[in-house]
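See structure below.
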Amino acid sequence: MNPESTAVVTSALPLAPILTPLGLGLLLLLPMRRRWRVSLALASALLTLIFSLLLMNSTMGGMLVSELGGWKAPFGIVMAADRLGSFMSVLAALCGVFTVWLMAAQPDPVRERHHSFALTSFLFVGVQLSFLTGDLFNLFVAFEVMLVASYALTVLGSTREQLREGFRYIVMNLSASALLVVACGLAYGTLGTLNFAHLAQRSAALGPNTTVTAVGVLLLIVFAAKGALFPLGFWLPGTYPAVPHATGAFFGAVLTKVGLYALIRVFTTVFNQDPQLPDTLLLLLGAVTMLYGALGAVSQREWRRILSFTVVGSVGYLAYGLGLGSPDALRASLAYLAVSVVVTLAMFLIAAVAERASGTRLVRARGFIEFLPLLAACFLLCALTVAGLPPSAGFVVKFDLIRAGLEGGTALAYVATASALLSSLITLYALLRVWSGFFWGRHPQDEPVRRVRWPERLPAYLASALVAALTLFAGPLLGHARGTADELGSNASYILGVLGEGPLDLPPPPRGDEVQEPEDAP
Amino acid sequence: METLFAILIGLLVAAGVFLMLSRTIVRVVLGLTFIAYGVNLAILTVAGLRQDSPPLLTLEGPYVDPLPQALVLTAIVIGFGTTALLLTVALRAYQVAGHDDVAAFGDNLARDPDAPDGQHADPEHLSPDLPEMDHAAETAAHLAELERLRRITR
């Protein structure tokens, strides 16, 4: 759609998916019976999902902007929901429902006494806030809300493994957050604003500028660390298997994608003046990350470690699609993002059932197709989706991605495409090894099989059904991704939506060497 | 003034990185706080440092830009919270292991002097989140369960 036809609405709806888990999460801190706590957490997750769906429905025709405290856009904090933000919000809310369900199905008295439900709710707040904020510094705050909740969930329970992985995770992310603050400061020092739309407007007015490019690359490093791109993603494969199943499923499905969302937002909406350096870096890092993820998955023998490495691989594909820079590649990346979130969720839920059934984290149990035939079918579907083989949505989106890569034309794009194809093959090998190790063959008589209750199994089946639904509705998904990519292709509608029509009467950005006179004293 | 601040920030971050490379957990935490301080000063410097300009509109101008000070305040509060959490993790590690070396975490790279042999880098260890598997006591029950499941699925 063209930016002229988009209508901009000021509404409180972008606040709803943030305030719902925040308010109900605070309620969850009160002492209450487990049944009430579970119902409240489930209600909170479902309400968030409903609000997100409403938000996505309303952003089809244009942006929704919510000005906090009634302050006009560049002066106050705005929540700005465009198609990309609301789509991510829906995906995260969906994963949230499954997470709370699995938490409810696997009672854990110790962690629940220390408020794991409330912390999960606060994690949702941070994630939703990062998708819907329209302000760079507010993005930092949202990341911190999300990360503090995830730090606490990572170390809650205090097993030695959790402490080790949690400490590494916290130190890594705190260092990255310090860099994010520096990038905010540099952006403000150069452009005199932190609002996304205003940053975009001013950097466009400034033209290609080395400081702005430096800010962009600094942000790229930060989001690469949060999204686990190759050299900075070493913390991921250890951390996600260390936490409980439900939390791990949400971490794996959503947390890295928040970093990727921030990359998309920054390099399409905000700093799209000088895409050469960030695109090259993203292509390069993406190409290496894919291979790293695939080879890492082959090297592991535990369920969730293998899956964590496939998460790393999917981040690599997204960086590759983003680095190609063409509208087709952006569309393919957005569709891949949706498929990747859902299939990762399904895989982690399947792993939860498999680990509970076999009583070990290793995948060598053998013969479980006999006891859990439906789970085996679900796993096969998800494995095909992750690897990108034909009867799955993974094939459609990966085909789209590879085609965009071949149209890229540069030597680096070809190398990255070759890496994408090769790592798909290696990922397939890794996942089929899981298949032959866990499901195939004959179960040894002396190894015990545990019965997994249906509330624990059902989320895995439902998430796999969602993967199947994505396969059936790959057309509408790609159509929606096309619309989103078109909207991101030009940031004019975003700027118009947040800053309004009239020219802004603002003081010039401070350069530091002049004494500035106040122009708009109240 | 800005030059002085630049040097100060550089020194703080250098000290922070040096401390972070240490094996002692508390030093890592201190290193992170040093870096956070350096970063906060960097934001403050962004607005330009002047001694004679108040950030408030009720006083006589010229004014200094107040927004970076608000940002620093937010960053300090967030840094306070995360440091407290990190210290809690460090304390817990100390309680678990009795010393504050990174080996307290049972890292594969660093042997924990207090742990007996055979507890490191063991891929077959059971997570506390999984049910306890006492083979000797439970095998019979499991075999019965196994047979039952086989009958059901056939």
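If you're wondering about the labels, chains in the structure tokens are A, B, ... by order shown, residues count from 1 in each chain, ligands from 1 in order shown.
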
Find the residues near Ala90 of chain B: any atom within 8 Å, counting only C-alpha atoms, skip ones fewer than 5 places away on the same chain, and give them as a PyMOL selection string. (chain A and resi 167) or (chain B and resi 25-26+100)

Could the residues in this selection be written to a file with N, CA and C atoms, as a compact mmCIF listing (two decimals), in the first residue's frame?
```txt
# COMPACT_ATOMS: atom_id res chain seq x y z
N PHE A 167 25.01 -16.55 35.00
CA PHE A 167 26.03 -15.52 35.20
C PHE A 167 26.62 -15.09 33.86
N ILE B 25 34.51 -13.58 40.89
CA ILE B 25 33.17 -13.15 40.49
C ILE B 25 32.90 -11.72 40.91
N VAL B 26 33.31 -11.35 42.13
CA VAL B 26 33.03 -10.00 42.61
C VAL B 26 33.73 -8.96 41.73
N ASP B 100 34.60 -17.60 45.72
CA ASP B 100 34.01 -16.78 44.66
C ASP B 100 34.87 -16.75 43.41
```

Contact table chain A vs chain B, cut-off 6 Å, shortest pair per residue, only C-alpha atoms, as JSON lines:
```
{"residue": "A:Arg160", "atom": "CA", "partner": "B:Phe105", "partner_atom": "CA", "distance": 5.8}
{"residue": "A:Arg164", "atom": "CA", "partner": "B:Phe105", "partner_atom": "CA", "distance": 4.6}
{"residue": "A:Gly185", "atom": "CA", "partner": "B:Ile43", "partner_atom": "CA", "distance": 4.9}
{"residue": "A:Gly189", "atom": "CA", "partner": "B:Val46", "partner_atom": "CA", "distance": 5.1}
{"residue": "A:Pro448", "atom": "CA", "partner": "B:His142", "partner_atom": "CA", "distance": 5.0}
{"residue": "A:Gly512", "atom": "CA", "partner": "B:Gly48", "partner_atom": "CA", "distance": 4.9}
```

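Counting only C-alpha atoms, segment 310-314 of chain A has the following residues at most 7 Å away, ignoring those fewer than 4 positions along the same chain: Ala228, Gly252, Thr289, Met290, Gly293, Ala294, Ala297, Ile306, Leu318 and Ser340 of chain A.
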
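Take the candidates A:Glu487, A:Glu355, A:Asp274, A:Glu501 and check each one against Gly85 of chain A using only C-alpha atoms; the shortest distance goes to A:Glu487.
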
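Around Leu136 of chain A, within 10 Å and counting only C-alpha atoms, the residues found are Ile77, Ser130, Val141, Ala142, Leu180, Val181, Ala183, Cys184, Ala187, Tyr188, Thr193, Leu194, Asn195, Phe196, Leu199, Ala262, Val266 and Val270 of chain A, once anything fewer than 5 positions away on its own chain is removed.
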
With all heavy atoms retained, export the selected residues as a CSV table (one decimal), in the first residue's frame.
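File selection16.csv, as written:
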```csv
chain,number,residue,atom,x,y,z
A,77,ILE,N,7.1,10.3,25.1
A,77,ILE,CA,7.3,8.9,24.6
A,77,ILE,C,6.1,8.5,23.9
A,77,ILE,O,5.0,8.7,24.3
A,77,ILE,CB,7.6,8.0,25.8
A,77,ILE,CG1,8.9,8.4,26.5
A,77,ILE,CG2,7.6,6.6,25.4
A,77,ILE,CD1,9.1,7.7,27.8
A,130,SER,N,9.1,-3.8,23.8
A,130,SER,CA,10.1,-3.6,22.8
A,130,SER,C,9.5,-3.6,21.4
A,130,SER,O,10.0,-2.9,20.5
A,130,SER,CB,11.3,-4.6,22.8
A,130,SER,OG,11.1,-5.6,23.7
A,141,VAL,N,15.0,0.6,27.6
A,141,VAL,CA,14.3,0.3,28.9
A,141,VAL,C,13.5,-1.0,28.7
A,141,VAL,O,13.5,-1.9,29.6
A,141,VAL,CB,13.3,1.5,29.3
A,141,VAL,CG1,12.5,1.1,30.5
A,141,VAL,CG2,14.1,2.7,29.5
A,142,ALA,N,12.9,-1.1,27.5
A,142,ALA,CA,12.1,-2.4,27.3
A,142,ALA,C,13.0,-3.6,27.3
A,142,ALA,O,12.7,-4.6,27.9
A,142,ALA,CB,11.4,-2.3,26.0
A,180,LEU,N,24.5,-0.3,24.2
A,180,LEU,CA,23.2,0.3,23.7
A,180,LEU,C,23.0,1.7,24.3
A,180,LEU,O,22.6,2.6,23.6
A,180,LEU,CB,22.0,-0.6,24.1
A,180,LEU,CG,20.6,-0.2,23.7
A,180,LEU,CD1,20.6,0.1,22.2
A,180,LEU,CD2,19.6,-1.3,24.0
A,181,VAL,N,23.4,1.9,25.6
A,181,VAL,CA,23.3,3.2,26.2
A,181,VAL,C,24.2,4.2,25.5
A,181,VAL,O,23.8,5.3,25.2
A,181,VAL,CB,23.6,3.2,27.7
A,181,VAL,CG1,23.5,4.6,28.3
A,181,VAL,CG2,22.6,2.3,28.4
A,183,ALA,N,25.2,4.0,22.4
A,183,ALA,CA,24.6,4.3,21.1
A,183,ALA,C,23.5,5.3,21.2
A,183,ALA,O,23.4,6.2,20.4
A,183,ALA,CB,24.1,3.0,20.5
A,184,CYS,N,22.6,5.2,22.3
A,184,CYS,CA,21.6,6.2,22.5
A,184,CYS,C,22.2,7.5,22.7
A,184,CYS,O,21.7,8.5,22.1
A,184,CYS,CB,20.8,5.8,23.7
A,184,CYS,SG,19.7,4.5,23.6
A,187,ALA,N,23.5,8.9,19.4
A,187,ALA,CA,22.4,9.3,18.5
A,187,ALA,C,21.9,10.6,18.9
A,187,ALA,O,21.6,11.5,18.1
A,187,ALA,CB,21.4,8.2,18.5
A,188,TYR,N,21.7,10.7,20.2
A,188,TYR,CA,21.2,12.0,20.7
A,188,TYR,C,22.2,13.1,20.5
A,188,TYR,O,21.8,14.3,20.1
A,188,TYR,CB,20.8,11.9,22.2
A,188,TYR,CG,20.1,13.1,22.7
A,188,TYR,CD1,18.7,13.3,22.4
A,188,TYR,CD2,20.7,14.1,23.5
A,188,TYR,CE1,18.1,14.4,22.8
A,188,TYR,CE2,20.0,15.2,23.9
A,188,TYR,CZ,18.7,15.3,23.6
A,188,TYR,OH,18.0,16.4,24.0
A,193,THR,N,17.7,13.9,19.1
A,193,THR,CA,16.4,13.3,19.3
A,193,THR,C,16.6,11.8,19.5
A,193,THR,O,17.7,11.2,19.2
A,193,THR,CB,15.4,13.5,18.2
A,193,THR,OG1,14.2,12.9,18.5
A,193,THR,CG2,15.9,12.9,16.9
A,194,LEU,N,15.6,11.1,20.1
A,194,LEU,CA,15.7,9.7,20.3
A,194,LEU,C,14.4,9.0,19.7
A,194,LEU,O,14.3,7.8,19.7
A,194,LEU,CB,15.8,9.3,21.8
A,194,LEU,CG,17.2,9.6,22.4
A,194,LEU,CD1,17.1,9.5,23.9
A,194,LEU,CD2,18.2,8.6,21.8
A,195,ASN,N,13.4,9.8,19.3
A,195,ASN,CA,12.2,9.2,18.7
A,195,ASN,C,12.6,8.6,17.4
A,195,ASN,O,13.3,9.2,16.5
A,195,ASN,CB,11.2,10.4,18.5
A,195,ASN,CG,9.9,9.9,18.1
A,195,ASN,OD1,9.8,9.5,16.9
A,195,ASN,ND2,8.9,10.0,18.9
A,196,PHE,N,12.1,7.4,17.1
A,196,PHE,CA,12.5,6.7,15.9
A,196,PHE,C,12.2,7.5,14.6
A,196,PHE,O,13.0,7.7,13.7
A,196,PHE,CB,11.7,5.4,15.7
A,196,PHE,CG,12.3,4.3,16.6
A,196,PHE,CD1,11.5,3.3,17.1
A,196,PHE,CD2,13.7,4.2,16.8
A,196,PHE,CE1,12.0,2.2,17.8
A,196,PHE,CE2,14.2,3.2,17.6
A,196,PHE,CZ,13.4,2.2,18.1
A,199,LEU,N,14.3,10.6,14.5
A,199,LEU,CA,15.7,10.2,14.1
A,199,LEU,C,15.8,10.0,12.6
A,199,LEU,O,16.7,10.4,11.9
A,199,LEU,CB,16.1,8.9,14.8
A,199,LEU,CG,16.6,9.0,16.3
A,199,LEU,CD1,16.8,7.6,16.8
A,199,LEU,CD2,17.9,9.7,16.3
A,262,ALA,N,14.6,-5.6,16.5
A,262,ALA,CA,15.2,-4.3,16.7
A,262,ALA,C,16.1,-4.0,15.5
A,262,ALA,O,16.2,-2.8,15.0
A,262,ALA,CB,16.0,-4.3,18.0
A,266,VAL,N,15.6,-0.8,13.2
A,266,VAL,CA,16.6,0.3,13.1
A,266,VAL,C,17.1,0.4,11.6
A,266,VAL,O,17.3,1.6,11.2
A,266,VAL,CB,17.8,-0.1,14.0
A,266,VAL,CG1,19.0,0.7,13.7
A,266,VAL,CG2,17.4,0.2,15.5
A,270,VAL,N,14.7,3.5,10.6
A,270,VAL,CA,15.4,4.7,11.2
A,270,VAL,C,16.6,5.1,10.3
A,270,VAL,O,16.7,6.1,9.7
A,270,VAL,CB,15.8,4.4,12.6
A,270,VAL,CG1,16.4,5.6,13.3
A,270,VAL,CG2,14.6,3.9,13.4
```

Using Å and a single decimal, report how far atom CA of Met103 of chain A sits from atom CA of Ser392 of chain A. 28.7 Å

Leu307 of chain A surroundings by only C-alpha atoms, 9 Å radius, close-in-sequence under 6 positions cut, as a ChimeraX atom specification: /A:237,241,252,297,344,347-348,351,431

May I have the residues within 7 Å of Ala41 of chain A as a list of chain:residue names, using only C-alpha atoms and disregarding those fewer than 3 positions away in the same chain? A:Arg37, A:Val38, A:Ser44, A:Ala45, A:Val100, A:Phe117

Shell around Leu132 of chain A at 10 Å using only C-alpha atoms, local window under 6 positions removed, as a ChimeraX atom specification: /A:14-15,17-18,64-66,78-82,84-86,88-89,138-139,142

If you keep all heavy atoms, can you produce a file of those selected residues as a short mmCIF file (atom, residue, chain, number, x, y, z; two decimals), in the first residue's frame?
```cif
data_model
loop_
_atom_site.label_atom_id
_atom_site.label_comp_id
_atom_site.auth_asym_id
_atom_site.auth_seq_id
_atom_site.Cartn_x
_atom_site.Cartn_y
_atom_site.Cartn_z
N PRO A 14 -2.31 0.39 21.48
CA PRO A 14 -0.94 -0.12 21.59
C PRO A 14 -0.47 -0.31 23.02
O PRO A 14 0.51 -1.02 23.25
CB PRO A 14 -0.10 0.95 20.87
CG PRO A 14 -1.02 1.60 19.95
CD PRO A 14 -2.35 1.59 20.62
N LEU A 15 -1.15 0.33 23.97
CA LEU A 15 -0.74 0.16 25.36
C LEU A 15 -1.29 -1.12 25.97
O LEU A 15 -0.75 -1.64 26.94
CB LEU A 15 -1.23 1.35 26.19
CG LEU A 15 -0.46 2.64 25.99
CD1 LEU A 15 -1.16 3.76 26.72
CD2 LEU A 15 0.94 2.49 26.51
N PRO A 17 -1.50 -4.45 25.12
CA PRO A 17 -0.70 -5.67 25.32
C PRO A 17 0.44 -5.48 26.31
O PRO A 17 1.02 -6.46 26.77
CB PRO A 17 -0.14 -5.97 23.92
CG PRO A 17 -0.89 -5.13 22.99
CD PRO A 17 -1.39 -3.95 23.75
N ILE A 18 0.78 -4.23 26.63
CA ILE A 18 1.85 -3.99 27.61
C ILE A 18 1.27 -3.93 29.02
O ILE A 18 1.80 -4.53 29.95
CB ILE A 18 2.58 -2.68 27.28
CG1 ILE A 18 3.12 -2.73 25.87
CG2 ILE A 18 3.68 -2.42 28.27
CD1 ILE A 18 3.46 -1.38 25.31
N LEU A 64 -1.12 2.79 14.40
CA LEU A 64 -1.78 3.26 15.61
C LEU A 64 -0.71 3.89 16.49
O LEU A 64 0.33 3.29 16.73
CB LEU A 64 -2.41 2.10 16.37
CG LEU A 64 -3.75 1.55 15.92
CD1 LEU A 64 -4.24 0.56 16.94
CD2 LEU A 64 -4.74 2.65 15.75
N VAL A 65 -0.96 5.10 16.93
CA VAL A 65 0.02 5.80 17.75
C VAL A 65 -0.61 6.18 19.07
O VAL A 65 -1.77 6.61 19.12
CB VAL A 65 0.55 7.05 17.03
CG1 VAL A 65 1.49 7.82 17.92
CG2 VAL A 65 1.24 6.66 15.75
N SER A 66 0.13 5.98 20.14
CA SER A 66 -0.38 6.34 21.47
C SER A 66 0.65 7.24 22.13
O SER A 66 1.80 6.84 22.33
CB SER A 66 -0.58 5.05 22.26
OG SER A 66 -0.93 5.34 23.55
N VAL A 78 6.30 7.89 22.72
CA VAL A 78 5.16 7.37 21.97
C VAL A 78 5.24 5.85 21.88
O VAL A 78 6.32 5.28 21.85
CB VAL A 78 5.08 7.94 20.54
CG1 VAL A 78 4.69 9.38 20.56
CG2 VAL A 78 6.38 7.73 19.80
N MET A 79 4.07 5.23 21.86
CA MET A 79 3.95 3.83 21.47
C MET A 79 3.45 3.84 20.03
O MET A 79 2.41 4.44 19.75
CB MET A 79 2.93 3.09 22.33
CG MET A 79 3.31 2.99 23.77
SD MET A 79 4.73 1.95 23.95
CE MET A 79 5.54 2.79 25.29
N ALA A 80 4.18 3.25 19.13
CA ALA A 80 3.78 3.27 17.74
C ALA A 80 3.68 1.84 17.24
O ALA A 80 4.65 1.10 17.26
CB ALA A 80 4.81 4.03 16.90
N ALA A 81 2.46 1.43 16.86
CA ALA A 81 2.27 0.08 16.37
C ALA A 81 2.05 0.15 14.86
O ALA A 81 1.06 0.70 14.41
CB ALA A 81 1.06 -0.56 17.04
N ASP A 82 3.01 -0.35 14.09
CA ASP A 82 2.76 -0.51 12.66
C ASP A 82 2.58 -2.01 12.41
O ASP A 82 2.45 -2.79 13.34
CB ASP A 82 3.90 0.10 11.84
CG ASP A 82 5.22 -0.55 12.13
OD1 ASP A 82 5.29 -1.31 13.12
OD2 ASP A 82 6.18 -0.32 11.39
N LEU A 84 4.58 -4.31 11.32
CA LEU A 84 5.66 -5.16 11.84
C LEU A 84 5.53 -5.35 13.34
O LEU A 84 5.53 -6.48 13.85
CB LEU A 84 7.01 -4.53 11.48
CG LEU A 84 8.24 -5.21 12.08
CD1 LEU A 84 8.41 -6.59 11.52
CD2 LEU A 84 9.48 -4.38 11.84
N GLY A 85 5.38 -4.22 14.07
CA GLY A 85 5.32 -4.29 15.52
C GLY A 85 4.16 -5.12 16.01
O GLY A 85 4.31 -5.97 16.89
N SER A 86 2.97 -4.91 15.41
CA SER A 86 1.80 -5.63 15.90
C SER A 86 1.89 -7.12 15.55
O SER A 86 1.45 -7.97 16.31
CB SER A 86 0.53 -5.03 15.32
OG SER A 86 0.56 -5.07 13.93
N MET A 88 4.71 -8.89 15.34
CA MET A 88 5.61 -9.49 16.33
C MET A 88 4.91 -9.64 17.68
O MET A 88 5.11 -10.62 18.39
CB MET A 88 6.84 -8.60 16.51
CG MET A 88 7.69 -8.42 15.29
SD MET A 88 8.37 -9.94 14.68
CE MET A 88 9.40 -10.43 16.03
N SER A 89 4.08 -8.64 18.00
CA SER A 89 3.36 -8.69 19.26
C SER A 89 2.44 -9.90 19.32
O SER A 89 2.36 -10.59 20.35
CB SER A 89 2.59 -7.39 19.42
OG SER A 89 1.60 -7.50 20.37
N ASN A 138 13.56 4.27 24.99
CA ASN A 138 12.53 3.41 25.55
C ASN A 138 12.74 1.96 25.14
O ASN A 138 12.41 1.03 25.87
CB ASN A 138 11.16 3.90 25.08
CG ASN A 138 10.07 3.57 26.05
OD1 ASN A 138 10.34 3.31 27.20
ND2 ASN A 138 8.86 3.55 25.57
N LEU A 139 13.34 1.78 23.96
CA LEU A 139 13.68 0.42 23.54
C LEU A 139 14.70 -0.17 24.50
O LEU A 139 14.62 -1.35 24.88
CB LEU A 139 14.25 0.45 22.12
CG LEU A 139 14.58 -0.91 21.52
CD1 LEU A 139 13.33 -1.67 21.22
CD2 LEU A 139 15.39 -0.75 20.26
N ALA A 142 12.86 -1.14 27.55
CA ALA A 142 12.09 -2.37 27.31
C ALA A 142 13.01 -3.59 27.33
O ALA A 142 12.68 -4.62 27.93
CB ALA A 142 11.39 -2.27 25.95
#
```
